[in-house]
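Engineer: Take a look at this one; I'll ask things after.
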Amino acid sequence: MAMTKPSGLEQWADQRRAEIAGGRIAHMRVWRGDEGGGKFVDFHVPFEEGEVVLDLLHRIQATQAGDLAVRWNCKAGKCGSCSAEVNGKPRLTCMTRMSIFETGEPITVSPMATFPIIKDLVTDVSFNYEVAKTVPALQPKAPEGEDGHHRMYQQDIDRIQEFRKCIECYLCQDVCHVIRDHEENKPKFGGPRFFIRLAELEMHPLDTADRRDLIQDRFGLGYCNITKCCSDVCPEHITITDNGIIPLKERVVDARYDPVAFVIRRIRRRRPL
Amino acid sequence: MPDYETHTYDVIVIGAGGAGLRAAIESSAAGVKTALICKSLLGKAHTVMAEGGIAAALGNVYPEDNWQVHFRDTMRGGKFLNNWRMAQIHAQEAPERVWELENWGALFDRTPDGRILQRDFGGHRYARLAHVGDRTGLEMIRTLQQNAVATQTGGGIDVFMECTIMRLLRNSSGAVTGAFGYWRPSGEFVLFKAKAVVLATGGIGKAWKITSNSWEYTGDGHAMALWAGADLIDMEFVQFHPTGMVWPPSVRGILVTEGVRGDGGVLKNSFGDRFMFNYIPDLFRKETAETEEEADRWYTDKKTARRTPDLLPRDEVARAINSEVKAGRGSPHGGVFLDVSTRLDAETIKRRLPSMYHQFIELADVDITREPMEVGPTCHYVMGGVRVDADSTAATVPGLFASGESAGGMHGANRLGGNSLSDLLVFGKRSGEYAAQYAQGVQGEPEIDEAELAQLERDALAPFVRVDGENPYDIHADLQETMQTLVGIIRTESDLAKAIDEIQTLRDRANKAGIAGSRRYNPGWHLALDLHALLTVAECCARAALERRESRGGHTRDDYPDPDPAFAKVNVVCHRADDENTVTQEPLPEMPDDLREMIEEQPT
């Protein structure tokens, strides 16, 4: 849509207001800045039926601010790159339809608050990659099939396949108050994304390692007081708290405070599912 | 010499999708110092978007399956233009690579007796794709990524994320000595000195307008290899996946997995006809169902029924959809209908195709358990790539290796679905292995030409100086329009010649592009730099397409509608000499007789 300015400023403003009211132009308020500070910048962006917030950010880049920093890849909710806060709520911008907003309502887009700003909507998420390095990988048992390959049954992996759906958008990390409000907790806390990674390994039918001490001491599971904010924002609808964190807490607590169970499990190396 | 941030490695791997990750794991395991460099964050590469599965003749669902049948299917799907040795290695080694992933933690869907479940896919005689619902790529990349970074299991590979490589560096004797690029967050330059370089940079799909590919797919590896003196082959073969989303405009081109058809989905035109029965080519007639009844029965009875034509190879299906739409039998938004709702119950659809369900309900307001999808072709994959030795993945330039989509030859004129993920694993591993071996034999410090770096730096920063220069986004949009309309599914000599002229004009414009802002995380600048690779690969594609005066696989010429036996014997090869991109025809490697017998039909 042409954005040329008519002769009279008043007339131009009236026309703009009419367009916004008609829903053809969105009023986007996008946070721009870097670690030194920044502010919301207003953009008036035309849009079409079916579009998502990321489409409008791309249109801003192509027509108004070529240097607007945004991460994205798949544009279909599969890669977890375009995380941001839209009207204050952690979301994937590629899965946030324009149709959910009121006509003419200003739409704010700001970077995830838990991570340091690099520029505009791009944050430094290296915290997550550092935690990932410290998660002990799968230690598989010997294959039991006569053909030298493993056997696993669908009913035994359904639950952990849910955790494997994680696209690492880090919206759960973003919303988690343990690190969102307390920078000092980061060195001793894994966060929801890594709790479901650990739950997956702990419940993996092939795994032989025992990570329960590590889960408490290194990853700080005890800090989580199961407010379920993480589950609410998960774009993959993983029930992080109920299916991942709570069972993990039970295992750790059992191991730590029930000496008999502790010894038995140490002997058996891991408990059955 | 300016004080560039400099890193020295034995092997650097450029690209961190399936091939790059697998290469880095192998190289690191061989005991050489290895770095993995990628444009996005780790785990976001295109592999993550792969849906259907990994093709490997595990024989878990059909014990009759074996590498020979997989090899045969691959060659037939590629219209016999594949490098036979790559297709053989691929079919033989894919099962081992899949089982290895399982041992590293991947959780594939299971058969009732606890083995890896396999699903039907286009062009594969047996159900062959190891999968996890319709998010197999996510499972694969996460498994590789977790293996690569876990420090306590020997991984601990150095990963340079959001770092774009612009150019490969060579010494005076022509061997690769490293690469030069920039950090996307800071815009600062970075120099990698290396004894060997593995290209695993993926494809070129961002040159087209309707594409399933992300911003990263700008042909960097293809172009850098060509600039460094390597050859590209088969660049005329571009796969248009038959089923991309067509509505709403915002999601046009986003992939709809072939698994929808593998699990029972059927294609219909606006009259409700299953039109694929009208498009069965002679090569596949013997093994394709003749009636709807037989096709429907095939899903459960592979002994007495033949496969549905909905699962012909992708090139055939994409052309058929294109013809239906052109004949006025398309869906309201210019595609055709793909319906799985009449074949499977809602719960099964949600279990087998969860991300398709999610994608359509959230982005298109279509409930695929109750109504058909609208789909149409989308640019998805380039069969062409760096010419490599089949066993070692070595390019023709010493010290340079390539695997995955950036390498050519494996898939011939058309890739079968599922053969990409297996390709990444099989040849990614080989790239890592042989690059490490090569690096161990290289003596001394890599030699770097300082004057070359200074020139690269000046060129890279030039868009900041041209404050009134043209917007790179406009140039990119015009390139996409050019490729979509002139170098699309159906091509002609006049269109291709026009495309080559247009690309030259676009190159002049790209050389005058200007951008605003600073070097810090500036996507406009990144695009201005990526345009050089995009224009190079677009030109190679158009030139190769002009050279191949026949129709075969992912290359259809309206003016030469049939396959030509003379062209069945040659690859079209792109070279760069005196700053010009040129093409020549070179004979295919000769296939041994025992393998030739295996594929039954002789090449036409």
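Labels for the structure tokens follow display order: chains A, B, ..., residues from 1 in each chain, ligands from 1.
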Listing only residues of chain A within 8 Å of chain B, what is the closest atom pair and its distance in Å (to one decimal) for each, using only C-alpha atoms, sorted by chain and residue number ascending, as JSON lines?

Structural biologist:
{"residue": "A:Glu48", "atom": "CA", "partner": "B:Pro249", "partner_atom": "CA", "distance": 8.0}
{"residue": "A:Glu49", "atom": "CA", "partner": "B:Pro248", "partner_atom": "CA", "distance": 7.0}
{"residue": "A:Gly50", "atom": "CA", "partner": "B:Pro248", "partner_atom": "CA", "distance": 5.3}
{"residue": "A:Glu51", "atom": "CA", "partner": "B:Ser250", "partner_atom": "CA", "distance": 5.2}
{"residue": "A:Val52", "atom": "CA", "partner": "B:Ser250", "partner_atom": "CA", "distance": 7.3}
{"residue": "A:Asp55", "atom": "CA", "partner": "B:Ser250", "partner_atom": "CA", "distance": 6.9}
{"residue": "A:Gln61", "atom": "CA", "partner": "B:Gly524", "partner_atom": "CA", "distance": 7.5}
{"residue": "A:Ala62", "atom": "CA", "partner": "B:Tyr473", "partner_atom": "CA", "distance": 5.4}
{"residue": "A:Gly66", "atom": "CA", "partner": "B:Gly524", "partner_atom": "CA", "distance": 4.8}
{"residue": "A:Asp67", "atom": "CA", "partner": "B:Asn522", "partner_atom": "CA", "distance": 4.5}
{"residue": "A:Leu68", "atom": "CA", "partner": "B:Asn522", "partner_atom": "CA", "distance": 6.7}
{"residue": "A:Ala69", "atom": "CA", "partner": "B:Tyr521", "partner_atom": "CA", "distance": 5.8}
{"residue": "A:Val70", "atom": "CA", "partner": "B:Pro523", "partner_atom": "CA", "distance": 7.8}
{"residue": "A:Trp72", "atom": "CA", "partner": "B:Trp215", "partner_atom": "CA", "distance": 8.0}
{"residue": "A:Asn73", "atom": "CA", "partner": "B:Ser214", "partner_atom": "CA", "distance": 5.0}
{"residue": "A:Cys74", "atom": "CA", "partner": "B:Ser214", "partner_atom": "CA", "distance": 5.6}
{"residue": "A:Lys75", "atom": "CA", "partner": "B:Ser214", "partner_atom": "CA", "distance": 7.8}
{"residue": "A:Ala76", "atom": "CA", "partner": "B:Gln359", "partner_atom": "CA", "distance": 6.7}
{"residue": "A:Gly77", "atom": "CA", "partner": "B:Gln359", "partner_atom": "CA", "distance": 7.6}
{"residue": "A:Lys78", "atom": "CA", "partner": "B:Met49", "partner_atom": "CA", "distance": 6.2}
{"residue": "A:Cys79", "atom": "CA", "partner": "B:Lys44", "partner_atom": "CA", "distance": 5.4}
{"residue": "A:Gly80", "atom": "CA", "partner": "B:Lys44", "partner_atom": "CA", "distance": 7.4}
{"residue": "A:Ser81", "atom": "CA", "partner": "B:Lys44", "partner_atom": "CA", "distance": 7.0}
{"residue": "A:Met95", "atom": "CA", "partner": "B:Leu363", "partner_atom": "CA", "distance": 7.0}
{"residue": "A:Arg97", "atom": "CA", "partner": "B:Leu363", "partner_atom": "CA", "distance": 7.3}
{"residue": "A:Ile118", "atom": "CA", "partner": "B:Pro185", "partner_atom": "CA", "distance": 6.8}
{"residue": "A:Lys119", "atom": "CA", "partner": "B:Tyr521", "partner_atom": "CA", "distance": 6.6}
{"residue": "A:Ala132", "atom": "CA", "partner": "B:Ala150", "partner_atom": "CA", "distance": 7.3}
{"residue": "A:Lys133", "atom": "CA", "partner": "B:Ala150", "partner_atom": "CA", "distance": 4.8}
{"residue": "A:Thr134", "atom": "CA", "partner": "B:Ala150", "partner_atom": "CA", "distance": 6.5}
{"residue": "A:Val135", "atom": "CA", "partner": "B:Ala150", "partner_atom": "CA", "distance": 6.7}
{"residue": "A:Pro136", "atom": "CA", "partner": "B:Ala150", "partner_atom": "CA", "distance": 6.6}
{"residue": "A:Ala137", "atom": "CA", "partner": "B:Ala150", "partner_atom": "CA", "distance": 6.2}
{"residue": "A:Leu138", "atom": "CA", "partner": "B:Gly105", "partner_atom": "CA", "distance": 6.0}
{"residue": "A:Pro140", "atom": "CA", "partner": "B:Asn103", "partner_atom": "CA", "distance": 6.4}
{"residue": "A:His149", "atom": "CA", "partner": "B:Trp99", "partner_atom": "CA", "distance": 7.3}
{"residue": "A:His150", "atom": "CA", "partner": "B:Arg115", "partner_atom": "CA", "distance": 7.2}
{"residue": "A:Arg151", "atom": "CA", "partner": "B:Gly114", "partner_atom": "CA", "distance": 4.7}
{"residue": "A:Met152", "atom": "CA", "partner": "B:Gly114", "partner_atom": "CA", "distance": 4.6}
{"residue": "A:Tyr153", "atom": "CA", "partner": "B:Gly114", "partner_atom": "CA", "distance": 4.6}
{"residue": "A:Gln154", "atom": "CA", "partner": "B:Arg110", "partner_atom": "CA", "distance": 5.4}
{"residue": "A:Ile157", "atom": "CA", "partner": "B:Leu107", "partner_atom": "CA", "distance": 7.4}
{"residue": "A:Gln161", "atom": "CA", "partner": "B:Leu107", "partner_atom": "CA", "distance": 6.9}
{"residue": "A:Arg164", "atom": "CA", "partner": "B:Glu139", "partner_atom": "CA", "distance": 7.0}
{"residue": "A:Lys165", "atom": "CA", "partner": "B:Leu138", "partner_atom": "CA", "distance": 7.7}
{"residue": "A:Ile167", "atom": "CA", "partner": "B:Leu138", "partner_atom": "CA", "distance": 7.6}

Engineer: Excluding Ala395 of chain B and residues on its chain fewer than 2 positions from it, collect all residues at most 10 Å away from it, counting only C-alpha atoms, and give them as a CSV table (one decimal) with C-alpha atoms, in the first residue's frame.

Structural biologist:
chain,number,residue,atom,x,y,z
B,198,VAL,CA,34.0,-29.1,4.9
B,199,LEU,CA,31.1,-27.3,3.2
B,225,ALA,CA,33.2,-23.5,-3.9
B,229,GLY,CA,37.9,-23.1,-8.4
B,230,ALA,CA,35.7,-26.1,-7.7
B,231,ASP,CA,33.1,-27.4,-10.2
B,232,LEU,CA,29.3,-27.5,-9.6
B,386,VAL,CA,29.8,-29.2,-5.6
B,387,ARG,CA,31.3,-32.0,-7.7
B,388,VAL,CA,32.9,-34.5,-5.2
B,389,ASP,CA,34.6,-37.8,-5.1
B,390,ALA,CA,31.9,-40.3,-4.1
B,392,SER,CA,35.8,-39.2,0.2
B,393,THR,CA,33.5,-36.2,-0.6
B,397,VAL,CA,40.1,-28.2,-5.0
B,398,PRO,CA,42.6,-29.7,-2.5
B,399,GLY,CA,41.5,-29.5,1.1
B,400,LEU,CA,37.9,-28.8,0.2
B,401,PHE,CA,35.1,-31.3,1.0
B,402,ALA,CA,31.3,-31.1,0.6
B,403,SER,CA,28.3,-33.0,1.8
B,407,ALA,CA,27.2,-31.5,-2.7

Engineer: Could you please write out, as number ranges by chain, every residue of segment 54-180 of chain A that DSSP assigns to alpha helix (DSSP H)?

Structural biologist: A: 54-63, 126-133, 154-164, 171-175, 177-180

Engineer: Have a look at atom CA of Glu236 of chain A and atom CA of Thr218 of chain B and let me know their distance in Å, one decimal.

Structural biologist: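 These atoms are spaced 28.7 Å apart.
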
Engineer: Skipping near chain neighbours, those fewer than 6 positions away, what residues fall within 9 Å of Val109 of chain A using only C-alpha atoms, listed as a list in words?

Structural biologist: Met28, Arg29, Val30, Trp31, Phe40, Val53, Ala84, Glu85, Val86, Asn87, Gly88, Thr93 and Leu121 of chain A

Engineer: Might you pull out every residue within 10 Å of segment 336-349 of chain B, with only C-alpha atoms counted and same-chain residues fewer than 5 positions away left off, and present them as number ranges by chain?

Structural biologist: B: 133, 242-243, 246, 256, 260-261, 263-270, 272-275, 296, 310, 321-322, 324-325, 329-331, 354, 356-357, 367-377

Engineer: As a PyMOL selection string, list the residues of segment 46-263 of chain A assigned to strand (DSSP E or B) by DSSP on the backbone atoms of this structure.

Structural biologist: chain A and resi 46+52+83-86+89-92+97+107-110+117-119+122-123+140+207

Engineer: In Å, with one decimal, what is the gap from atom CA of Ile238 of chain A to atom CA of Phe163 of chain A?

Structural biologist: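 Result for atom CA of Ile238 of chain A versus atom CA of Phe163 of chain A: 6.7 Å, one decimal.
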
Engineer: What's the 10 Å shell around Met112 of chain A, counting only C-alpha atoms, without same-chain residues fewer than 2 positions away, as a PDB file with C-alpha atoms, in the first residue's frame?

Structural biologist:
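The resulting file, part33.pdb, is shown below:
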ATOM      1  CA  SER A  83      10.774 -15.714  20.097  1.00  0.00           C
ATOM      2  CA  ALA A  84       9.794 -12.309  21.464  1.00  0.00           C
ATOM      3  CA  GLU A  85       7.257 -10.727  23.785  1.00  0.00           C
ATOM      4  CA  VAL A  86       4.110  -9.541  22.008  1.00  0.00           C
ATOM      5  CA  GLY A  88       4.118  -8.496  26.999  1.00  0.00           C
ATOM      6  CA  LYS A  89       3.459 -12.185  26.424  1.00  0.00           C
ATOM      7  CA  PRO A  90       6.272 -14.551  25.365  1.00  0.00           C
ATOM      8  CA  ARG A  91       5.385 -15.864  21.903  1.00  0.00           C
ATOM      9  CA  VAL A 109       6.903  -6.321  20.245  1.00  0.00           C
ATOM     10  CA  SER A 110       9.837  -6.470  22.621  1.00  0.00           C
ATOM     11  CA  THR A 114      15.430 -12.775  30.650  1.00  0.00           C
ATOM     12  CA  PHE A 115      18.380 -12.549  28.289  1.00  0.00           C
ATOM     13  CA  PRO A 116      20.836  -9.703  27.600  1.00  0.00           C
ATOM     14  CA  ILE A 117      20.005  -7.547  24.589  1.00  0.00           C
ATOM     15  CA  LEU A 121      14.509  -8.129  19.180  1.00  0.00           C
ATOM     16  CA  VAL A 122      17.670 -10.227  19.251  1.00  0.00           C
ATOM     17  CA  THR A 123      18.924 -11.362  22.625  1.00  0.00           C
ATOM     18  CA  ASP A 124      22.016 -13.191  23.794  1.00  0.00           C
ATOM     19  CA  VAL A 125      20.693 -16.681  24.553  1.00  0.00           C
ATOM     20  CA  TYR A 170      13.501 -20.609  25.173  1.00  0.00           C
ATOM     21  CA  LEU A 171      10.155 -18.931  25.869  1.00  0.00           C
ATOM     22  CA  GLN A 173      13.283 -19.895  30.105  1.00  0.00           C
ATOM     23  CA  ASP A 174      12.152 -16.344  29.360  1.00  0.00           C
ATOM     24  CA  VAL A 175       9.030 -16.569  31.495  1.00  0.00           C
ATOM     25  CA  ARG A 180      13.761 -13.609  34.784  1.00  0.00           C
TER      26      ARG A 180
END

Engineer: Grab the atom CA of Gly554 of chain B to atom CA of Gln239 of chain B distance for me, in Å with one decimal place.

Structural biologist: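 According to the coordinates, atom CA of Gly554 of chain B and atom CA of Gln239 of chain B are separated by 5.3 Å.
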
Engineer: Calculated over only C-alpha atoms, which of the candidates A:Cys234, A:Cys82, A:Ile160, A:Cys176 has the smallest distance to Leu201 of chain A?

Structural biologist: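 With only C-alpha atoms as the atom set, the closest residue is A:Ile160.
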